[in-house]
$ cat model.tsv   # TSV, C-alpha atoms and all ligand atoms
chain	number	residue	atom	x	y	z
A	122	MET	CA	175.16	17.92	160.69
A	123	SER	CA	173.97	20.64	163.03
A	124	GLU	CA	173.06	19.83	166.62
A	125	ALA	CA	169.40	20.12	167.62
A	126	SER	CA	169.82	22.18	170.79
A	127	TRP	CA	172.72	24.28	172.00
A	128	PRO	CA	174.50	24.16	174.34
A	129	PRO	CA	174.21	20.36	174.18
A	130	ALA	CA	173.66	18.23	177.31
A	131	GLY	CA	177.13	18.87	178.60
A	132	CYS	CA	179.24	21.35	180.51
A	133	ALA	CA	182.34	23.38	179.74
A	134	LEU	CA	185.80	23.35	181.31
A	135	VAL	CA	188.27	26.23	181.09
A	136	THR	CA	191.81	25.59	182.32
A	137	GLY	CA	193.50	28.56	183.96
A	138	GLY	CA	190.14	30.27	184.35
A	139	SER	CA	190.94	32.27	187.46
A	140	ARG	CA	192.55	35.29	185.79
A	141	GLY	CA	193.15	37.10	182.53
A	142	ILE	CA	191.97	35.54	179.29
A	143	GLY	CA	190.73	32.35	180.96
A	144	ALA	CA	188.46	34.25	183.35
A	145	ALA	CA	186.97	36.18	180.43
A	146	ILE	CA	186.40	32.93	178.53
A	147	ALA	CA	184.67	31.33	181.52
A	148	LYS	CA	182.32	34.33	181.78
A	149	GLN	CA	181.65	34.30	178.03
A	150	LEU	CA	180.76	30.61	177.96
A	151	ALA	CA	178.55	30.99	181.04
A	152	ALA	CA	176.75	33.89	179.34
A	153	ASP	CA	176.29	31.63	176.31
A	154	GLY	CA	174.44	29.12	178.50
A	155	TRP	CA	177.18	26.68	179.50
A	156	ALA	CA	177.73	25.45	183.05
A	157	VAL	CA	181.44	26.13	183.43
A	158	GLY	CA	184.20	24.40	185.38
A	159	VAL	CA	186.79	27.04	186.26
A	160	ASN	CA	190.17	25.39	186.73
A	161	TYR	CA	192.99	27.18	188.52
A	162	ARG	CA	196.33	26.22	189.99
A	163	SER	CA	196.88	28.31	193.10
A	164	GLU	CA	194.68	31.39	193.35
A	165	SER	CA	191.46	29.98	194.83
A	166	ALA	CA	190.14	33.43	195.80
A	167	ALA	CA	190.45	34.61	192.19
A	168	ALA	CA	188.71	31.50	190.87
A	169	GLU	CA	185.92	31.81	193.44
A	170	ALA	CA	185.49	35.47	192.43
A	171	VAL	CA	184.98	34.39	188.80
A	172	VAL	CA	182.43	31.79	189.93
A	173	ALA	CA	180.62	34.40	192.07
A	174	GLU	CA	180.49	36.84	189.16
A	175	ILE	CA	179.05	34.19	186.86
A	176	GLU	CA	176.45	33.16	189.44
A	177	ALA	CA	175.49	36.78	190.10
A	178	ALA	CA	174.75	37.09	186.39
A	179	GLY	CA	172.48	34.03	186.56
A	180	GLY	CA	174.98	31.47	185.25
A	181	ARG	CA	176.43	28.27	186.67
A	182	ALA	CA	180.09	27.74	187.53
A	183	PHE	CA	182.32	25.61	189.74
A	184	ALA	CA	185.94	26.23	190.73
A	185	ILE	CA	188.29	23.27	190.59
A	186	ALA	CA	191.94	23.33	191.67
A	187	ALA	CA	194.49	21.31	189.72
A	188	ASP	CA	197.95	21.81	188.32
A	189	VAL	CA	197.40	20.97	184.65
A	190	THR	CA	200.95	19.60	184.39
A	191	ASP	CA	200.07	16.78	186.80
A	192	PRO	CA	199.47	13.69	184.61
A	193	ALA	CA	196.58	12.74	186.93
A	194	ALA	CA	194.91	16.16	186.56
A	195	PRO	CA	192.79	15.51	183.45
A	196	ALA	CA	191.01	12.47	184.91
A	197	SER	CA	190.45	13.98	188.36
A	198	THR	CA	189.38	17.38	187.01
A	199	PHE	CA	186.89	15.95	184.53
A	200	GLU	CA	185.48	13.64	187.19
A	201	ALA	CA	184.98	16.51	189.64
A	202	VAL	CA	183.36	18.82	187.08
A	203	GLU	CA	181.15	16.11	185.60
A	204	GLN	CA	180.04	14.98	189.05
A	205	HIS	CA	179.23	18.56	190.05
A	206	PHE	CA	177.12	19.34	186.98
A	207	GLY	CA	175.91	15.77	186.28
A	208	VAL	CA	176.78	15.94	182.57
A	209	PRO	CA	179.96	15.28	180.54
A	210	VAL	CA	182.38	17.99	179.49
A	211	LEU	CA	181.45	18.81	175.88
A	212	ALA	CA	183.38	22.08	175.61
A	213	LEU	CA	187.02	22.32	176.65
A	214	VAL	CA	189.21	25.41	176.47
A	215	ASN	CA	192.90	24.72	177.05
A	216	ASN	CA	193.91	28.17	178.24
A	217	ALA	CA	196.31	27.62	181.17
A	218	GLY	CA	199.69	28.90	180.13
A	219	ILE	CA	202.92	30.40	181.39
A	220	SER	CA	205.95	32.16	179.97
A	221	ARG	CA	209.56	31.85	181.14
A	222	ASP	CA	211.38	34.21	178.78
A	223	ASN	CA	215.10	34.00	178.12
A	224	LEU	CA	217.36	34.11	175.07
A	225	SER	CA	218.08	30.63	173.71
A	226	PRO	CA	221.82	30.56	174.62
A	227	SER	CA	220.86	31.14	178.27
A	228	LEU	CA	217.57	29.24	178.41
A	229	THR	CA	217.64	26.64	181.19
A	230	ASP	CA	216.18	23.15	181.08
A	231	ASP	CA	213.74	24.19	183.79
A	232	GLU	CA	212.51	27.17	181.75
A	233	TRP	CA	212.15	25.00	178.65
A	234	ASN	CA	210.40	22.12	180.40
A	235	ALA	CA	208.00	24.24	182.46
A	236	VAL	CA	206.66	25.99	179.36
A	237	ILE	CA	206.42	22.84	177.22
A	238	ASP	CA	204.75	20.91	180.07
A	239	THR	CA	202.16	23.62	180.78
A	240	ASN	CA	201.44	25.07	177.33
A	241	LEU	CA	201.70	21.93	175.19
A	242	THR	CA	201.72	18.60	177.04
A	243	ALA	CA	198.89	19.52	179.41
A	244	ALA	CA	196.70	20.65	176.51
A	245	PHE	CA	197.33	17.33	174.78
A	246	ARG	CA	196.41	15.35	177.90
A	247	PHE	CA	193.24	17.39	178.58
A	248	THR	CA	192.21	17.05	174.94
A	249	ARG	CA	192.75	13.28	175.05
A	250	GLN	CA	190.61	13.09	178.18
A	251	ALA	CA	187.86	15.26	176.67
A	252	LEU	CA	187.60	13.36	173.42
A	253	LYS	CA	186.31	10.19	175.09
A	254	ALA	CA	182.92	11.67	176.01
A	255	MET	CA	182.78	14.01	173.02
A	256	MET	CA	183.25	11.19	170.52
A	257	ARG	CA	180.59	9.14	172.32
A	258	ALA	CA	178.22	12.12	172.25
A	259	ARG	CA	179.13	12.84	168.64
A	260	THR	CA	179.47	16.50	169.46
A	261	GLY	CA	182.03	18.66	171.22
A	262	ARG	CA	184.16	21.76	171.03
A	263	ILE	CA	187.81	22.12	171.95
A	264	VAL	CA	189.62	25.46	171.70
A	265	ASN	CA	193.33	25.70	172.38
A	266	ILE	CA	194.72	29.10	173.31
A	267	ALA	CA	197.90	29.39	171.28
A	268	SER	CA	199.68	32.66	170.48
A	269	VAL	CA	200.85	34.77	167.59
A	270	VAL	CA	204.30	33.71	168.86
A	271	GLY	CA	203.44	30.20	167.65
A	272	LEU	CA	203.17	31.63	164.14
A	273	ARG	CA	206.03	34.13	164.03
A	274	ALA	CA	209.27	34.43	165.98
A	275	ASN	CA	209.70	36.59	169.07
A	276	ALA	CA	213.20	36.87	170.53
A	277	GLY	CA	213.41	35.58	174.09
A	278	GLN	CA	210.49	33.20	173.66
A	279	SER	CA	211.91	30.12	171.91
A	280	ASN	CA	210.39	27.84	174.57
A	281	TYR	CA	207.02	29.62	174.42
A	282	GLY	CA	207.04	29.80	170.61
A	283	ALA	CA	207.93	26.12	170.28
A	284	ALA	CA	205.14	25.15	172.69
A	285	LYS	CA	202.54	27.30	170.93
A	286	ALA	CA	203.62	26.18	167.44
A	287	GLY	CA	203.37	22.61	168.68
A	288	LEU	CA	199.93	23.34	170.10
A	289	ILE	CA	198.79	24.70	166.74
A	290	GLN	CA	199.95	21.61	164.86
A	291	PHE	CA	198.47	19.33	167.53
A	292	THR	CA	195.19	21.22	167.08
A	293	ARG	CA	195.16	20.75	163.32
A	294	THR	CA	196.08	17.07	163.47
A	295	ALA	CA	193.65	16.10	166.21
A	296	ALA	CA	190.93	18.09	164.44
A	297	ILE	CA	191.09	16.03	161.27
A	298	GLU	CA	191.21	12.81	163.31
A	299	VAL	CA	187.84	13.46	164.98
A	300	ALA	CA	186.04	15.68	162.45
A	301	ARG	CA	183.67	12.94	161.33
A	302	ARG	CA	182.43	12.55	164.93
A	303	GLY	CA	181.03	16.08	165.08
A	304	VAL	CA	183.83	17.31	167.34
A	305	THR	CA	185.67	20.48	166.36
A	306	ILE	CA	189.14	21.46	167.56
A	307	ASN	CA	190.44	24.94	166.84
A	308	ALA	CA	193.14	27.29	168.06
A	309	VAL	CA	192.96	30.97	168.91
A	310	ALA	CA	196.22	32.87	168.56
A	311	PRO	CA	196.10	36.10	170.57
A	312	GLY	CA	198.63	38.86	170.10
A	313	TRP	CA	199.31	41.29	172.91
A	314	ILE	CA	196.46	41.07	175.42
A	315	GLU	CA	196.34	43.08	178.66
A	316	THR	CA	196.76	40.54	181.47
A	317	ASP	CA	199.20	39.79	184.30
A	318	MET	CA	201.33	37.92	181.75
A	319	THR	CA	202.03	41.09	179.76
A	320	ALA	CA	202.08	43.56	182.69
A	321	ASP	CA	205.86	43.98	182.50
A	322	VAL	CA	206.20	44.19	178.70
A	323	ASN	CA	207.65	47.45	177.37
A	324	LYS	CA	204.68	49.47	176.09
A	325	ASP	CA	206.83	50.90	173.25
A	326	LEU	CA	206.38	47.52	171.55
A	327	LEU	CA	202.75	48.49	170.91
A	328	ASP	CA	204.05	50.57	167.98
A	329	ALA	CA	204.43	47.27	166.11
A	330	VAL	CA	200.72	46.49	166.51
A	331	PRO	CA	198.75	47.90	163.55
A	332	ALA	CA	195.76	48.58	165.84
A	333	ARG	CA	198.15	50.60	168.09
A	334	ARG	CA	196.68	49.14	171.26
A	335	ALA	CA	196.68	45.96	173.29
A	336	GLY	CA	193.66	43.68	173.10
A	337	THR	CA	191.39	42.85	176.00
A	338	PRO	CA	190.64	39.41	177.45
A	339	ALA	CA	186.99	39.96	176.47
A	340	GLU	CA	187.99	40.39	172.82
A	341	VAL	CA	189.70	36.98	172.89
A	342	ALA	CA	186.81	35.42	174.81
A	343	ALA	CA	184.29	36.59	172.19
A	344	CYS	CA	186.21	34.69	169.51
A	345	VAL	CA	186.40	31.59	171.68
A	346	GLY	CA	182.66	31.92	172.26
A	347	PHE	CA	182.12	31.83	168.50
A	348	LEU	CA	184.28	28.72	168.04
A	349	VAL	CA	182.34	26.98	170.84
A	350	SER	CA	178.99	28.01	169.37
A	351	GLN	CA	176.67	25.96	167.22
A	352	GLN	CA	177.26	28.40	164.37
A	353	ALA	CA	180.90	27.28	164.17
A	354	SER	CA	180.01	23.63	163.55
A	355	TYR	CA	181.91	23.51	160.21
A	356	VAL	CA	185.03	25.31	161.51
A	357	THR	CA	187.71	22.86	162.59
A	358	GLY	CA	191.49	22.74	162.47
A	359	ALA	CA	191.51	26.52	162.14
A	360	VAL	CA	193.76	29.08	163.79
A	361	LEU	CA	192.01	32.36	164.51
A	362	THR	CA	194.41	35.22	165.19
A	363	VAL	CA	193.17	37.91	167.58
A	364	ASP	CA	196.04	40.33	167.45
A	365	GLY	CA	195.11	43.76	166.12
A	366	GLY	CA	196.84	42.89	162.85
A	367	LEU	CA	200.23	42.02	164.38
A	368	GLY	CA	200.61	38.79	162.42
A	369	ALA	CA	199.05	40.01	159.18
B	401	LIG	P1	197.66	34.94	183.13
B	401	LIG	O1	199.07	34.79	183.62
B	401	LIG	O2	196.93	36.21	183.36
B	401	LIG	O3	196.76	33.74	183.73
B	401	LIG	C1	197.23	32.43	183.61
B	401	LIG	C2	196.17	31.49	184.08
B	401	LIG	O4	196.66	30.16	183.89
B	401	LIG	C3	195.86	31.63	185.56
B	401	LIG	O5	194.50	31.35	185.76
B	401	LIG	C4	196.71	30.53	186.20
B	401	LIG	O6	196.18	30.03	187.41
B	401	LIG	C5	196.64	29.46	185.14
B	401	LIG	N1	197.73	28.51	185.19
B	401	LIG	C6	199.04	28.70	184.93
B	401	LIG	N2	199.73	27.56	185.09
B	401	LIG	C7	198.82	26.62	185.47
B	401	LIG	C8	198.88	25.26	185.80
B	401	LIG	N3	200.06	24.60	185.80
B	401	LIG	N4	197.74	24.60	186.15
B	401	LIG	C9	196.55	25.25	186.17
B	401	LIG	N5	196.42	26.55	185.86
B	401	LIG	C10	197.54	27.22	185.53
B	401	LIG	O7	197.74	34.56	181.59
B	401	LIG	P2	196.90	35.11	180.34
B	401	LIG	O8	195.48	35.24	180.68
B	401	LIG	O9	197.63	36.26	179.77
B	401	LIG	O10	197.12	33.89	179.32
B	401	LIG	C11	196.15	32.88	179.11
B	401	LIG	C12	196.57	32.08	177.90
B	401	LIG	O11	196.66	32.95	176.77
B	401	LIG	C13	197.93	31.42	178.02
B	401	LIG	O12	197.91	30.16	177.39
B	401	LIG	C14	198.84	32.37	177.28
B	401	LIG	O13	199.99	31.73	176.80
B	401	LIG	C15	197.92	32.82	176.17
B	401	LIG	N6	198.29	34.07	175.54
B	401	LIG	C16	198.34	35.25	176.26
B	401	LIG	C17	198.69	36.42	175.62
B	401	LIG	C18	198.74	37.74	176.32
B	401	LIG	O14	199.15	38.72	175.69
B	401	LIG	N7	198.34	37.84	177.58
B	401	LIG	C19	199.03	36.44	174.20
B	401	LIG	C20	198.96	35.16	173.55
B	401	LIG	C21	198.59	34.03	174.21
B	401	LIG	P3	196.70	30.59	188.86
B	401	LIG	O15	196.34	32.04	188.89
B	401	LIG	O16	195.94	29.79	189.86
B	401	LIG	O17	198.18	30.38	188.86

$ encode --input "model.tsv" --output "structure tokens"
Amino acid sequence: MSEASWPPAGCALVTGGSRGIGAAIAKQLAADGWAVGVNYRSESAAAEAVVAEIEAAGGRAFAIAADVTDPAAPASTFEAVEQHFGVPVLALVNNAGISRDNLSPSLTDDEWNAVIDTNLTAAFRFTRQALKAMMRARTGRIVNIASVVGLRANAGQSNYGAAKAGLIQFTRTAAIEVARRGVTINAVAPGWIETDMTADVNKDLLDAVPARRAGTPAEVAACVGFLVSQQASYVTGAVLTVDGGLGA
């Protein structure tokens, strides 16, 4: 069933929307007509700059601070965003993510737990929170930002790879659980994208990318925009790689 009007009577929430890929996604969704909650952890100036840019372009946005690993964050964040815009969150992008690279023999419990908590458990909790209103509304879009490292191994990233592989399988499973309610849940798996997260990566590694260049946050955001669009209403449980051919 296709929805009558789009965006529906709801707003969007992007976790980790203050920088990098998340900031590009927030701008994309705002340009597509969504009022967007821009979550961030610590950099309020960066989040407010994203909001200002969206508003300058005629869109609507609202910055909301929360550490996504806090078990109370989903409820408080949704409440704040929904109160601000006066409508439920009907598009959620679980983008907040960190890396703590180390080879497995040396990987500490802290490095393991921080990455699993942020990249996997938080996305589960935010998805669980989002599904309440989406299932009631019988429409909704959830996009989880995974990684090509969740599909193929990358030395030094066993914690990150495990979290992203887990996120992909969570995406697929939750997607089939709610598909009949008009809610879609998909994953985007970026390869090497130019952000703060990859600033220190050895540029020689780009030789392994068939496109011979890094991707941009906007290129990832465009794909997220598609998955959140009305046109993608029959796409669910999918993993869209955005990696210049790296995982092909
Ligand atoms: P950045 O490091 O540039 O930005 C990370 C964002 O996540 C920031 O907005 C940061 O907020 C936020 N964040 C981190 N931890 C938390 C937390 N606990 N609570 C709330 N917000 C948090 O990362 P990227 O833009 O590169 O990555 C975005 C997503 O894309 C991640 O999930 C990452 O794993 C994934 N990805 C990135 C790739 C790349 O090449 N860059 C490749 C594949 C996947 P603040 O600034 O306030 O700390």

$ residues_around --input "model.tsv" --residues "stretch 251-268 of chain A" --least-positions-apart "3" --cutoff "7 Å" --atoms "all atoms listed in the file" --output "MDAnalysis selection string"
chainID A and resid 209:216 247:248 271 285 288:289 302:312 345 349

$ axis_aligned_box --input "model.tsv" --around "ligand LIG 401 (chain B)" --padding-each-side "8 Å" --output "lines of an AutoDock Vina configuration file"
center_x = 197.3
center_y = 31.7
center_z = 181.7
size_x = 21.6
size_y = 30.1
size_z = 32.3

$ residues_around --input "model.tsv" --residues "stretch 346-348 of chain A" --least-positions-apart "4" --cutoff "7 Å" --atoms "only C-alpha atoms" --output "ChimeraX atom specification"
/A:149-150,342,353

$ write_last_selection --input "model.tsv" --atoms "C-alpha atoms" --output "short mmCIF file (atom, residue, chain, number, x, y, z; two decimals), in the coordinates of the input"
data_model
loop_
_atom_site.label_atom_id
_atom_site.label_comp_id
_atom_site.auth_asym_id
_atom_site.auth_seq_id
_atom_site.Cartn_x
_atom_site.Cartn_y
_atom_site.Cartn_z
CA GLN A 149 181.65 34.30 178.03
CA LEU A 150 180.76 30.61 177.96
CA ALA A 342 186.81 35.42 174.81
CA ALA A 353 180.90 27.28 164.17
#

$ residues_near_ligand --input "model.tsv" --ligand "ligand LIG 401 (chain B)" --cutoff "6 Å" --atoms "only C-alpha atoms and all ligand atoms" --output "number ranges by chain"
A: 136-143, 161-164, 187-190, 216-219, 239, 266-268, 311-319

$ atom_distance --input "model.tsv" --atom1 "atom CA of A:Val172" --atom2 "atom CA of A:Gln351"
24.1 Å

$ closest_residue --input "model.tsv" --among "A:Ala283, A:Ala152, A:Ala201, A:Ala186" --to "A:Ser350" --atoms "all atoms listed in the file"
A:Ala152

$ atom_distance --input "model.tsv" --atom1 "atom CA of A:Leu241" --atom2 "atom CA of A:Gly287"
6.8 Å

$ closest_residue --input "model.tsv" --among "A:Ala295, A:Leu228, A:Ala178, A:Ala173" --to "A:Gly277" --atoms "all atoms listed in the file"
A:Leu228

$ atom_distance --input "model.tsv" --atom1 "atom CA of A:Gly131" --atom2 "atom CA of A:Ile297"
22.4 Å

$ closest_residue --input "model.tsv" --among "A:Ala339, A:Val360, A:Ala329, A:Val236" --to "A:Gln278" --atoms "all atoms listed in the file"
A:Val236

$ closest_residue --input "model.tsv" --among "A:Asn280, A:Thr337, A:Gln250, A:Thr357" --to "A:Phe199" --atoms "all atoms listed in the file"
A:Gln250

$ build_atoms --input "model.tsv" --residues "stretch 255-266 of chain A" --atoms "all heavy atoms" --output "mmCIF file, in the coordinates of the input"
data_model
loop_
_atom_site.group_PDB
_atom_site.id
_atom_site.type_symbol
_atom_site.label_atom_id
_atom_site.label_comp_id
_atom_site.auth_asym_id
_atom_site.auth_seq_id
_atom_site.Cartn_x
_atom_site.Cartn_y
_atom_site.Cartn_z
ATOM 1 N N MET A 255 183.235 13.259 174.204
ATOM 2 C CA MET A 255 182.780 14.010 173.020
ATOM 3 C C MET A 255 182.535 13.066 171.841
ATOM 4 O O MET A 255 181.548 13.213 171.113
ATOM 5 C CB MET A 255 183.821 15.061 172.640
ATOM 6 C CG MET A 255 183.925 16.207 173.637
ATOM 7 S SD MET A 255 185.150 17.429 173.112
ATOM 8 C CE MET A 255 185.102 18.568 174.499
ATOM 9 N N MET A 256 183.429 12.100 171.653
ATOM 10 C CA MET A 256 183.250 11.190 170.520
ATOM 11 C C MET A 256 182.032 10.292 170.736
ATOM 12 O O MET A 256 181.308 9.978 169.794
ATOM 13 C CB MET A 256 184.522 10.384 170.290
ATOM 14 C CG MET A 256 185.629 11.270 169.731
ATOM 15 S SD MET A 256 187.243 10.506 169.691
ATOM 16 C CE MET A 256 187.047 9.356 168.361
ATOM 17 N N ARG A 257 181.808 9.927 172.011
ATOM 18 C CA ARG A 257 180.590 9.140 172.320
ATOM 19 C C ARG A 257 179.342 9.972 172.034
ATOM 20 O O ARG A 257 178.376 9.482 171.465
ATOM 21 C CB ARG A 257 180.602 8.734 173.798
ATOM 22 C CG ARG A 257 180.961 7.272 174.029
ATOM 23 C CD ARG A 257 180.543 6.791 175.403
ATOM 24 N NE ARG A 257 180.915 7.680 176.482
ATOM 25 C CZ ARG A 257 182.093 7.682 177.099
ATOM 26 N NH1 ARG A 257 183.037 6.841 176.711
ATOM 27 N NH2 ARG A 257 182.345 8.524 178.081
ATOM 28 N N ALA A 258 179.386 11.245 172.423
ATOM 29 C CA ALA A 258 178.220 12.120 172.250
ATOM 30 C C ALA A 258 178.062 12.595 170.806
ATOM 31 O O ALA A 258 177.047 13.159 170.437
ATOM 32 C CB ALA A 258 178.347 13.337 173.176
ATOM 33 N N ARG A 259 179.108 12.381 170.030
ATOM 34 C CA ARG A 259 179.130 12.840 168.640
ATOM 35 C C ARG A 259 178.941 14.353 168.513
ATOM 36 O O ARG A 259 178.384 14.866 167.556
ATOM 37 C CB ARG A 259 178.117 12.083 167.778
ATOM 38 C CG ARG A 259 178.485 10.613 167.689
ATOM 39 C CD ARG A 259 177.836 9.882 166.551
ATOM 40 N NE ARG A 259 178.580 8.646 166.310
ATOM 41 C CZ ARG A 259 179.469 8.461 165.344
ATOM 42 N NH1 ARG A 259 179.749 9.427 164.507
ATOM 43 N NH2 ARG A 259 180.097 7.314 165.202
ATOM 44 N N THR A 260 179.408 15.048 169.517
ATOM 45 C CA THR A 260 179.470 16.500 169.460
ATOM 46 C C THR A 260 180.492 16.976 170.496
ATOM 47 O O THR A 260 180.739 16.304 171.489
ATOM 48 C CB THR A 260 178.102 17.161 169.727
ATOM 49 O OG1 THR A 260 178.198 18.567 169.453
ATOM 50 C CG2 THR A 260 177.644 16.978 171.162
ATOM 51 N N GLY A 261 181.067 18.115 170.251
ATOM 52 C CA GLY A 261 182.030 18.660 171.220
ATOM 53 C C GLY A 261 182.822 19.784 170.588
ATOM 54 O O GLY A 261 182.899 19.920 169.364
ATOM 55 N N ARG A 262 183.360 20.616 171.470
ATOM 56 C CA ARG A 262 184.160 21.760 171.030
ATOM 57 C C ARG A 262 185.426 21.834 171.888
ATOM 58 O O ARG A 262 185.327 21.854 173.120
ATOM 59 C CB ARG A 262 183.380 23.070 171.223
ATOM 60 C CG ARG A 262 182.084 23.185 170.425
ATOM 61 C CD ARG A 262 182.383 23.536 168.983
ATOM 62 N NE ARG A 262 181.165 23.878 168.270
ATOM 63 C CZ ARG A 262 180.452 23.010 167.552
ATOM 64 N NH1 ARG A 262 180.827 21.746 167.472
ATOM 65 N NH2 ARG A 262 179.364 23.406 166.919
ATOM 66 N N ILE A 263 186.558 21.895 171.230
ATOM 67 C CA ILE A 263 187.810 22.120 171.950
ATOM 68 C C ILE A 263 188.480 23.346 171.333
ATOM 69 O O ILE A 263 188.577 23.452 170.099
ATOM 70 C CB ILE A 263 188.737 20.894 171.870
ATOM 71 C CG1 ILE A 263 188.065 19.674 172.542
ATOM 72 C CG2 ILE A 263 190.084 21.191 172.549
ATOM 73 C CD1 ILE A 263 188.840 18.378 172.431
ATOM 74 N N VAL A 264 188.883 24.271 172.172
ATOM 75 C CA VAL A 264 189.620 25.460 171.700
ATOM 76 C C VAL A 264 190.919 25.533 172.483
ATOM 77 O O VAL A 264 190.922 25.517 173.722
ATOM 78 C CB VAL A 264 188.806 26.751 171.896
ATOM 79 C CG1 VAL A 264 189.610 27.957 171.411
ATOM 80 C CG2 VAL A 264 187.473 26.676 171.144
ATOM 81 N N ASN A 265 192.011 25.582 171.764
ATOM 82 C CA ASN A 265 193.330 25.700 172.380
ATOM 83 C C ASN A 265 193.839 27.132 172.237
ATOM 84 O O ASN A 265 193.867 27.685 171.133
ATOM 85 C CB ASN A 265 194.300 24.719 171.704
ATOM 86 C CG ASN A 265 193.907 23.280 171.963
ATOM 87 O OD1 ASN A 265 193.472 22.945 173.063
ATOM 88 N ND2 ASN A 265 194.038 22.434 170.958
ATOM 89 N N ILE A 266 194.232 27.724 173.355
ATOM 90 C CA ILE A 266 194.720 29.100 173.310
ATOM 91 C C ILE A 266 196.218 29.063 172.989
ATOM 92 O O ILE A 266 197.053 28.731 173.840
ATOM 93 C CB ILE A 266 194.453 29.859 174.619
ATOM 94 C CG1 ILE A 266 192.956 29.764 174.981
ATOM 95 C CG2 ILE A 266 194.879 31.317 174.454
ATOM 96 C CD1 ILE A 266 191.982 30.283 173.924
#
